[in-house]
Each structure stands twice: as C-alpha cells, then as structure tokens.
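Student: Enclosed is the structure file model-v4.txt (compact mmCIF, C-alpha atoms and all ligand atoms).
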# COMPACT_ATOMS: atom_id res chain seq x y z
CA MET J 143 -4.62 -25.41 -24.02
CA LEU J 144 -5.23 -24.20 -27.52
CA LEU J 145 -2.73 -21.53 -28.55
CA ILE J 146 -3.73 -19.59 -31.66
CA GLU J 147 -1.23 -17.27 -33.27
CA ALA J 148 -2.58 -14.11 -34.86
CA LYS J 149 -0.69 -11.85 -37.23
CA ASP J 150 -1.31 -8.59 -35.45
CA TYR J 151 -3.78 -6.78 -33.19
CA ASN J 152 -6.54 -6.72 -35.83
CA ASP J 153 -6.16 -10.38 -36.60
CA MET J 154 -6.18 -11.22 -32.86
CA SER J 155 -9.35 -9.14 -32.44
CA ARG J 156 -11.12 -10.87 -35.33
CA LYS J 157 -10.16 -14.33 -34.10
CA ALA J 158 -11.32 -13.49 -30.56
CA ALA J 159 -14.59 -12.06 -31.89
CA ASN J 160 -15.09 -15.26 -33.91
CA ILE J 161 -14.72 -17.38 -30.78
CA ILE J 162 -17.14 -15.15 -28.82
CA SER J 163 -19.60 -15.22 -31.75
CA ALA J 164 -19.43 -19.00 -31.92
CA GLN J 165 -20.30 -19.15 -28.22
CA VAL J 166 -23.32 -16.87 -28.70
CA ILE J 167 -24.51 -18.76 -31.77
CA MET J 168 -24.11 -22.18 -30.13
CA LYS J 169 -25.78 -20.99 -26.92
CA PRO J 170 -27.98 -17.90 -27.37
CA HIS J 171 -28.51 -17.73 -23.57
CA ALA J 172 -24.76 -17.71 -22.95
CA VAL J 173 -23.20 -15.98 -19.97
CA LEU J 174 -20.17 -14.04 -21.18
CA GLY J 175 -17.50 -12.92 -18.73
CA LEU J 176 -16.09 -9.69 -20.15
CA ALA J 177 -13.00 -7.55 -19.69
CA THR J 178 -12.07 -3.91 -20.20
CA GLY J 179 -8.71 -2.38 -21.12
CA SER J 180 -7.21 -1.77 -24.53
CA THR J 181 -6.81 -5.41 -25.61
CA PRO J 182 -10.51 -6.30 -26.14
CA VAL J 183 -11.55 -3.02 -27.81
CA GLY J 184 -10.94 -4.39 -31.33
CA ALA J 185 -12.88 -7.58 -30.61
CA TYR J 186 -15.84 -5.57 -29.31
CA LYS J 187 -15.73 -3.40 -32.46
CA GLN J 188 -15.81 -6.51 -34.60
CA LEU J 189 -18.76 -7.95 -32.67
CA VAL J 190 -20.67 -4.68 -33.17
CA GLU J 191 -19.93 -4.84 -36.90
CA TRP J 192 -21.23 -8.40 -37.20
CA TYR J 193 -24.27 -7.48 -35.10
CA ASN J 194 -24.99 -4.61 -37.51
CA LYS J 195 -24.74 -7.01 -40.43
CA GLY J 196 -27.37 -9.19 -38.78
CA ASP J 197 -25.02 -12.05 -38.03
CA LEU J 198 -25.27 -11.90 -34.24
CA ASP J 199 -28.06 -11.63 -31.72
CA PHE J 200 -27.35 -10.63 -28.12
CA ALA J 201 -31.00 -10.54 -27.01
CA ASN J 202 -30.64 -13.48 -24.64
CA VAL J 203 -27.01 -13.03 -23.64
CA THR J 204 -26.03 -12.23 -20.06
CA SER J 205 -22.69 -10.65 -19.21
CA VAL J 206 -20.63 -10.33 -16.05
CA ASN J 207 -17.57 -8.11 -16.05
CA LEU J 208 -14.37 -8.85 -14.24
CA ASP J 209 -13.94 -5.68 -12.24
CA GLU J 210 -14.86 -2.10 -11.37
CA TYR J 211 -13.24 0.78 -9.53
CA LYS J 212 -14.62 1.32 -6.06
CA GLY J 213 -16.16 4.77 -5.78
CA LEU J 214 -16.82 5.46 -9.48
CA SER J 215 -20.37 5.87 -10.74
CA PRO J 216 -21.53 4.29 -14.01
CA GLU J 217 -21.62 7.80 -15.52
CA ASN J 218 -17.95 8.44 -14.75
CA ASP J 219 -16.15 8.03 -18.06
CA GLN J 220 -13.33 6.13 -16.32
CA SER J 221 -15.66 3.53 -14.83
CA TYR J 222 -15.66 0.09 -16.37
CA ARG J 223 -19.45 0.22 -16.65
CA TYR J 224 -19.07 3.31 -18.84
CA PHE J 225 -16.39 1.52 -20.89
CA MET J 226 -18.66 -1.47 -21.50
CA ASN J 227 -21.64 0.69 -22.42
CA THR J 228 -19.68 2.78 -24.89
CA ASN J 229 -17.59 -0.03 -26.41
CA LEU J 230 -20.24 -2.73 -26.68
CA PHE J 231 -23.57 -2.63 -24.85
CA ASN J 232 -24.88 0.62 -26.39
CA HIS J 233 -24.29 -0.77 -29.88
CA VAL J 234 -25.89 -4.23 -29.72
CA ASN J 235 -29.27 -5.60 -28.64
CA ILE J 236 -28.14 -6.94 -25.28
CA ASN J 237 -30.64 -6.32 -22.49
CA LYS J 238 -28.79 -3.86 -20.21
CA GLU J 239 -30.48 -5.47 -17.22
CA SER J 240 -28.66 -8.67 -18.04
CA THR J 241 -25.27 -6.95 -18.00
CA PHE J 242 -23.46 -6.96 -14.67
CA VAL J 243 -20.44 -5.06 -13.40
CA PRO J 244 -19.47 -4.92 -9.71
CA ASN J 245 -21.25 -2.02 -8.03
CA GLY J 246 -18.56 0.63 -7.62
CA LEU J 247 -20.93 2.83 -5.66
CA GLU J 248 -21.46 0.28 -2.87
CA PRO J 249 -19.13 1.51 -0.10
CA ASP J 250 -19.43 -1.70 1.91
CA SER J 251 -16.87 -3.97 0.23
CA GLU J 252 -18.13 -7.17 1.79
CA LYS J 253 -21.64 -6.43 0.67
CA ALA J 254 -20.57 -5.48 -2.88
CA CYS J 255 -18.45 -8.61 -3.31
CA ALA J 256 -20.96 -11.04 -1.80
CA ALA J 257 -23.67 -9.56 -4.05
CA TYR J 258 -21.47 -10.03 -7.10
CA ASN J 259 -20.65 -13.65 -6.26
CA GLU J 260 -24.36 -14.22 -5.86
CA ILE J 261 -25.04 -12.71 -9.29
CA ILE J 262 -22.46 -15.01 -10.91
CA ARG J 263 -24.05 -18.00 -9.19
CA SER J 264 -27.62 -16.95 -9.98
CA VAL J 265 -26.93 -16.64 -13.72
CA GLY J 266 -25.57 -20.20 -13.68
CA GLY J 267 -21.85 -19.43 -13.88
CA ILE J 268 -19.80 -18.17 -16.79
CA ASP J 269 -19.76 -19.97 -20.14
CA LEU J 270 -16.91 -18.02 -21.69
CA GLN J 271 -14.59 -15.69 -19.78
CA LEU J 272 -12.62 -13.21 -21.87
CA LEU J 273 -9.36 -12.03 -20.28
CA GLY J 274 -6.64 -9.52 -21.05
CA LEU J 275 -3.22 -9.92 -19.47
CA GLY J 276 -1.53 -7.33 -17.24
CA ASN J 277 2.16 -6.56 -17.80
CA ASN J 278 2.88 -8.24 -14.46
CA GLY J 279 0.71 -11.28 -15.20
CA HIS J 280 -2.42 -10.00 -13.48
CA ILE J 281 -5.91 -11.02 -14.57
CA GLY J 282 -8.81 -8.87 -13.48
CA PHE J 283 -7.26 -6.90 -10.61
CA ASN J 284 -5.65 -10.03 -9.18
CA GLU J 285 -2.13 -8.72 -8.76
CA PRO J 286 0.99 -10.86 -8.10
CA GLY J 287 0.62 -12.56 -4.73
CA ALA J 288 -3.18 -12.82 -4.96
CA ALA J 289 -4.59 -15.97 -3.42
CA PHE J 290 -5.85 -18.47 -5.99
CA GLU J 291 -8.85 -19.45 -3.87
CA LYS J 292 -10.47 -16.01 -3.65
CA GLU J 293 -13.83 -15.06 -5.11
CA THR J 294 -14.86 -11.43 -5.72
CA HIS J 295 -12.95 -9.16 -3.35
CA CYS J 296 -11.81 -5.61 -2.84
CA VAL J 297 -8.20 -4.79 -3.72
CA ASP J 298 -5.97 -1.84 -2.92
CA LEU J 299 -4.50 -0.64 -6.17
CA THR J 300 -0.72 -0.65 -6.22
CA GLU J 301 1.08 2.67 -6.46
CA SER J 302 2.31 1.71 -9.95
CA THR J 303 -1.26 1.06 -11.15
CA ILE J 304 -2.38 4.40 -9.70
CA GLN J 305 0.52 6.15 -11.43
CA ALA J 306 -0.20 4.32 -14.71
CA ASN J 307 -3.87 5.32 -14.57
CA LYS J 308 -3.47 8.94 -13.56
CA ARG J 309 -3.24 10.06 -17.18
CA PHE J 310 -6.96 9.36 -17.53
CA PHE J 311 -7.90 11.64 -14.62
CA GLU J 312 -7.60 15.37 -13.96
CA LYS J 313 -5.41 14.88 -10.92
CA VAL J 314 -3.81 11.91 -9.19
CA GLU J 315 -6.15 12.32 -6.19
CA ASP J 316 -9.07 11.48 -8.49
CA VAL J 317 -7.66 8.03 -9.31
CA PRO J 318 -9.54 5.44 -7.26
CA THR J 319 -7.36 3.64 -4.73
CA GLN J 320 -9.45 0.48 -4.60
CA ALA J 321 -11.34 -1.81 -6.95
CA TYR J 322 -13.71 -4.75 -6.78
CA THR J 323 -12.54 -7.73 -8.81
CA MET J 324 -13.63 -11.27 -9.49
CA GLY J 325 -11.14 -13.58 -7.83
CA ILE J 326 -9.08 -16.30 -9.45
CA LYS J 327 -11.62 -18.83 -8.20
CA ASN J 328 -14.47 -17.16 -10.13
CA ILE J 329 -12.30 -17.04 -13.25
CA MET J 330 -11.21 -20.68 -12.95
CA GLN J 331 -14.84 -21.77 -12.56
CA ALA J 332 -15.73 -20.36 -16.00
CA ARG J 333 -16.45 -23.23 -18.37
CA LYS J 334 -14.19 -21.77 -21.08
CA VAL J 335 -11.49 -19.12 -20.82
CA LEU J 336 -10.29 -16.98 -23.72
CA LEU J 337 -7.07 -15.07 -23.05
CA ILE J 338 -6.11 -12.45 -25.61
CA VAL J 339 -2.66 -10.90 -25.73
CA SER J 340 -1.11 -8.37 -28.08
CA GLY J 341 2.23 -6.61 -28.43
CA GLU J 342 5.88 -7.11 -27.68
CA GLY J 343 5.47 -5.60 -24.23
CA LYS J 344 3.54 -8.70 -23.15
CA ALA J 345 5.88 -11.28 -24.75
CA GLU J 346 8.02 -11.98 -21.71
CA ILE J 347 5.10 -12.34 -19.33
CA LEU J 348 3.08 -14.47 -21.76
CA ASP J 349 5.92 -16.98 -21.89
CA LYS J 350 5.95 -17.13 -18.07
CA VAL J 351 2.15 -17.42 -17.92
CA LEU J 352 1.97 -20.36 -20.32
CA TYR J 353 5.22 -22.23 -19.70
CA GLY J 354 6.57 -21.05 -16.34
CA PRO J 355 5.70 -22.47 -12.92
CA VAL J 356 2.13 -22.05 -11.69
CA THR J 357 2.57 -19.46 -8.98
CA PRO J 358 0.58 -16.65 -7.34
CA GLN J 359 3.51 -14.40 -8.32
CA VAL J 360 2.22 -14.76 -11.90
CA PRO J 361 -1.54 -14.86 -11.33
CA ALA J 362 -2.44 -15.84 -14.91
CA SER J 363 -0.18 -18.93 -14.67
CA ILE J 364 -3.06 -20.69 -12.90
CA LEU J 365 -4.79 -20.80 -16.31
CA GLN J 366 -2.43 -23.66 -17.23
CA LEU J 367 -4.66 -25.77 -14.98
CA HIS J 368 -7.91 -24.76 -16.68
CA ASN J 369 -9.22 -27.54 -18.86
CA ASP J 370 -10.69 -25.35 -21.61
CA LEU J 371 -8.25 -22.50 -22.18
CA THR J 372 -7.83 -20.81 -25.55
CA VAL J 373 -5.12 -18.21 -26.00
CA VAL J 374 -5.10 -15.88 -28.98
CA ALA J 375 -1.85 -13.96 -29.13
CA ASP J 376 -0.33 -11.94 -31.93
CA GLU J 377 3.15 -12.53 -33.37
CA ALA J 378 4.69 -9.78 -31.26
CA ALA J 379 3.26 -11.23 -28.05
CA MET J 380 4.52 -14.68 -29.06
CA SER J 381 8.04 -13.51 -29.88
CA VAL J 382 9.63 -14.92 -26.69
CA ILE J 383 7.80 -18.25 -26.90
CA LYS J 384 9.16 -19.03 -30.35
C1 LIG J 401 -9.69 -5.38 -17.38
C2 LIG J 401 -8.80 -6.13 -16.52
C3 LIG J 401 -7.31 -6.11 -16.63
C4 LIG J 401 -6.78 -6.00 -18.06
C5 LIG J 401 -5.25 -5.99 -18.09
C6 LIG J 401 -4.71 -5.75 -19.47
O1 LIG J 401 -11.04 -5.56 -17.01
O2 LIG J 401 -9.30 -6.77 -15.65
O3 LIG J 401 -6.79 -7.28 -16.03
O4 LIG J 401 -7.26 -7.04 -18.84
O5 LIG J 401 -4.77 -4.99 -17.23
O6 LIG J 401 -5.02 -4.45 -19.85
P1 LIG J 401 -4.78 -3.92 -21.35
O7 LIG J 401 -5.69 -4.72 -22.22
O8 LIG J 401 -5.20 -2.47 -21.31
O9 LIG J 401 -3.35 -4.14 -21.64
Translate this structure into structure tokens?

Tutor:
Amino acid sequence: MLLIEAKDYNDMSRKAANIISAQVIMKPHAVLGLATGSTPVGAYKQLVEWYNKGDLDFANVTSVNLDEYKGLSPENDQSYRYFMNTNLFNHVNINKESTFVPNGLEPDSEKACAAYNEIIRSVGGIDLQLLGLGNNGHIGFNEPGAAFEKETHCVDLTESTIQANKRFFEKVEDVPTQAYTMGIKNIMQARKVLLIVSGEGKAEILDKVLYGPVTPQVPASILQLHNDLTVVADEAAMSVIK
C-alpha cells in the first residue's frame, strides 16, 4: 500500500487528480472506475481544469461507475448518472457512450446486475478504481456485513442511509430504498485502486480500514489485500493513524 498524506481537501483532490491523469496519459484507452459522493468532487473539478488547459484527453477513456439508485432515471438530479454528467462527463471530451453506470431504470435486479458485470468484463476490466469511504467503512454500497465474493448486486439501503439522504429529496418517500452496486469482488479485480479520504469524521474508520483486521464488518478493510492500493488522505483523516 502507498499511503500519501495531503494537507487538506484541496491538496487531496489535486493529488488524486494527478494519479488519475497519470493513468490516462500512460494508457489513453484506460478504463476508469469512478465514484460519486462529496469526496471526489474536487478531483473531478481539477481534471476538468486540466482538460480545459489542454493537458488531458478523455477521447478514448471508458468509465464504469460503482453504483446507482434503483428506480431513478438519468435525468433525476439525485441519480448518480446525473452526478457524473454534471461533475465530469459534460465538461470533458469523453464519449458518453463509453461511460457506464448501472441501469437504475431496470426493475429486474438480476438482469441489471448481470448486464453490468458483463459490461465490466467486456471493457476488459478496470485499470484504476477510484473509491470514497463511507463513515461505516462501506465502499460502493457494500455495507458492513457484505460478502467479499459478490459481484454487482442489488442492496436494500439501511434506514440510516435513507435518513441521511432524505435531505436531497422533497419527502422521505422519494428516497430510493434500493441500489445497484459493484460488489467487493469487482472492486478487488481492478488493477489499481485509489482510495481518497478527507476530514476528521473519517479518521477513526480509516485507521480500522488500513490497520485493523480484514473483516466484512469493515468492508474497505479488504483493500489491505489488494496488491496495488494507493490511499490519499488529508491530515484530518489521518489524525488517528498518527
Ligand atoms: C459513491 C459511493 C460511496 C461513497 C461513500 C463516501 O459512489 O459508492 O461509497 O464513496 O459513501 O461518500 P462521501 O464522499 O460523500 O463521504
């Protein structure tokens, strides 16, 4: 594992964007595994800036996202497809047809998940998987207790996740109750993994993830067994480790 300490959120974002850029420059046909949430927003901004300067070319890049709410359309501003379009894809020259997010509108979970696994296989697997870290150690929507051997699957969102997300919706009934997520197995098969972590709120869990026992109770702890893991964490997120 390579653990890189960043000063703050901006520094973490720049360092993460540098690592993603290096991947795209070294392999213009790279397959990037991407994440949503607040942690990667700064890195995506930085990538857009470098693209605008002419330093980056996404023309041949393929992307596969970690997860999507079941039941939300790409036009819904809470869908992860919408997030990716507005934070990154609309601002760079990536071919939208080479960007993949699980199909939230497919009601048949088995079909949606099998199709997504097939997409990941057909693009040749993931070169670099970007991950944020949940407060409880989740990655993607793989919550504590998730089986390490699973590929893409449908999860029931926990009541606490539904409560945490309701602020983004008009009423709590509008919050999706299920999501499609890559499984730990898909994530572990990525050739490189880049975990980015910011803020004091994640300090305790980051320590457990990197130095605690490898256990499904802390899903991200499995990353200790990945042979090309880079972690970029800011000082606040590293405060328990040191
Ligand atoms: C996002 C995802 C989640 C987030 C995690 C951290 O696609 O799969 O696992 O990475 O919940 O979220 P933030 O970055 O908002 O703290």

Student: With all atoms listed in the file as the atoms that count, which of J:Asn369, J:Asn277, J:Asn235, J:Thr303 lies nearest to J:Ala321?

Tutor: J:Thr303

Student: Please return the centre and edge lengths, in Å to one decimal, of a box with edges along x, y and z that contains all listed atoms of ligand LIG 401 (chain J), widened by 3 Å on every side, as AutoDock Vina command-line options.

Tutor:
--center_x -7.2 --center_y -4.9 --center_z -18.9 --size_x 13.7 --size_y 10.8 --size_z 12.6

Student: Could you tell me how far atom CA of J:Leu352 lies from atom CA of J:Asn207, in Å and to one decimal?

Tutor: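 Going from atom CA of J:Leu352 over to atom CA of J:Asn207, I get 23.5 Å.
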
Student: Counting only C-alpha atoms and all ligand atoms, which protein, DNA or RNA residues come within 8 Å of ligand LIG 401 (chain J), given as a list of chain:residue names?

Tutor: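 Residues lying within 8 Å of ligand LIG 401 (chain J): J:Leu176, J:Ala177, J:Thr178, J:Gly179, J:Ser180, J:Thr181, J:Pro182, J:Asn207, J:Leu208, J:Asp209, J:Glu210, J:Tyr222, J:Leu273, J:Gly274, J:Leu275, J:Gly276, J:Asn277, J:His280, J:Ile281, J:Gly282, J:Phe283, J:Asn284, J:Thr323, J:Val339.
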
Student: Provide the atom CA of J:His233 to atom CA of J:Leu189 distance in Å, to one decimal place.

Tutor: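 Going from atom CA of J:His233 over to atom CA of J:Leu189 covers 9.5 Å.
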
Student: Pick out the closest residue to J:Ile162 from this set: J:Pro244, J:Gly343, J:Gly279, J:Gly175. Count all atoms listed in the file.

Tutor: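 Closest candidate: J:Gly175.
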
Student: Would you mind completing stretch 147-165 of chain J to N, CA and C atoms and writing the output as a CSV table (one decimal), in the coordinates of the input?

Tutor:
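As a result, selection.csv now contains:
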chain,number,residue,atom,x,y,z
J,147,GLU,N,-2.1,-18.4,-33.0
J,147,GLU,CA,-1.2,-17.3,-33.3
J,147,GLU,C,-1.9,-16.4,-34.3
J,148,ALA,N,-2.0,-15.1,-34.0
J,148,ALA,CA,-2.6,-14.1,-34.9
J,148,ALA,C,-1.5,-13.3,-35.4
J,149,LYS,N,-1.7,-12.7,-36.6
J,149,LYS,CA,-0.7,-11.8,-37.2
J,149,LYS,C,-0.4,-10.6,-36.4
J,150,ASP,N,-1.5,-9.9,-36.1
J,150,ASP,CA,-1.3,-8.6,-35.4
J,150,ASP,C,-2.6,-8.3,-34.6
J,151,TYR,N,-2.7,-7.1,-34.1
J,151,TYR,CA,-3.8,-6.8,-33.2
J,151,TYR,C,-5.1,-7.0,-33.9
J,152,ASN,N,-5.3,-6.6,-35.1
J,152,ASN,CA,-6.5,-6.7,-35.8
J,152,ASN,C,-6.9,-8.2,-36.0
J,153,ASP,N,-5.9,-9.0,-36.4
J,153,ASP,CA,-6.2,-10.4,-36.6
J,153,ASP,C,-6.5,-11.1,-35.3
J,154,MET,N,-5.8,-10.7,-34.2
J,154,MET,CA,-6.2,-11.2,-32.9
J,154,MET,C,-7.6,-10.9,-32.5
J,155,SER,N,-8.0,-9.6,-32.8
J,155,SER,CA,-9.4,-9.1,-32.4
J,155,SER,C,-10.4,-9.9,-33.2
J,156,ARG,N,-10.1,-10.1,-34.5
J,156,ARG,CA,-11.1,-10.9,-35.3
J,156,ARG,C,-11.3,-12.3,-34.9
J,157,LYS,N,-10.1,-12.9,-34.6
J,157,LYS,CA,-10.2,-14.3,-34.1
J,157,LYS,C,-10.9,-14.4,-32.8
J,158,ALA,N,-10.6,-13.5,-31.9
J,158,ALA,CA,-11.3,-13.5,-30.6
J,158,ALA,C,-12.8,-13.3,-30.8
J,159,ALA,N,-13.2,-12.3,-31.6
J,159,ALA,CA,-14.6,-12.1,-31.9
J,159,ALA,C,-15.3,-13.3,-32.5
J,160,ASN,N,-14.5,-14.0,-33.3
J,160,ASN,CA,-15.1,-15.3,-33.9
J,160,ASN,C,-15.4,-16.3,-32.8
J,161,ILE,N,-14.5,-16.4,-31.9
J,161,ILE,CA,-14.7,-17.4,-30.8
J,161,ILE,C,-15.9,-17.0,-29.9
J,162,ILE,N,-16.0,-15.7,-29.6
J,162,ILE,CA,-17.1,-15.2,-28.8
J,162,ILE,C,-18.4,-15.3,-29.6
J,163,SER,N,-18.4,-15.1,-30.9
J,163,SER,CA,-19.6,-15.2,-31.8
J,163,SER,C,-20.1,-16.7,-31.7
J,164,ALA,N,-19.1,-17.6,-31.9
J,164,ALA,CA,-19.4,-19.0,-31.9
J,164,ALA,C,-20.2,-19.4,-30.6
J,165,GLN,N,-19.7,-18.9,-29.5
J,165,GLN,CA,-20.3,-19.2,-28.2
J,165,GLN,C,-21.8,-18.7,-28.2
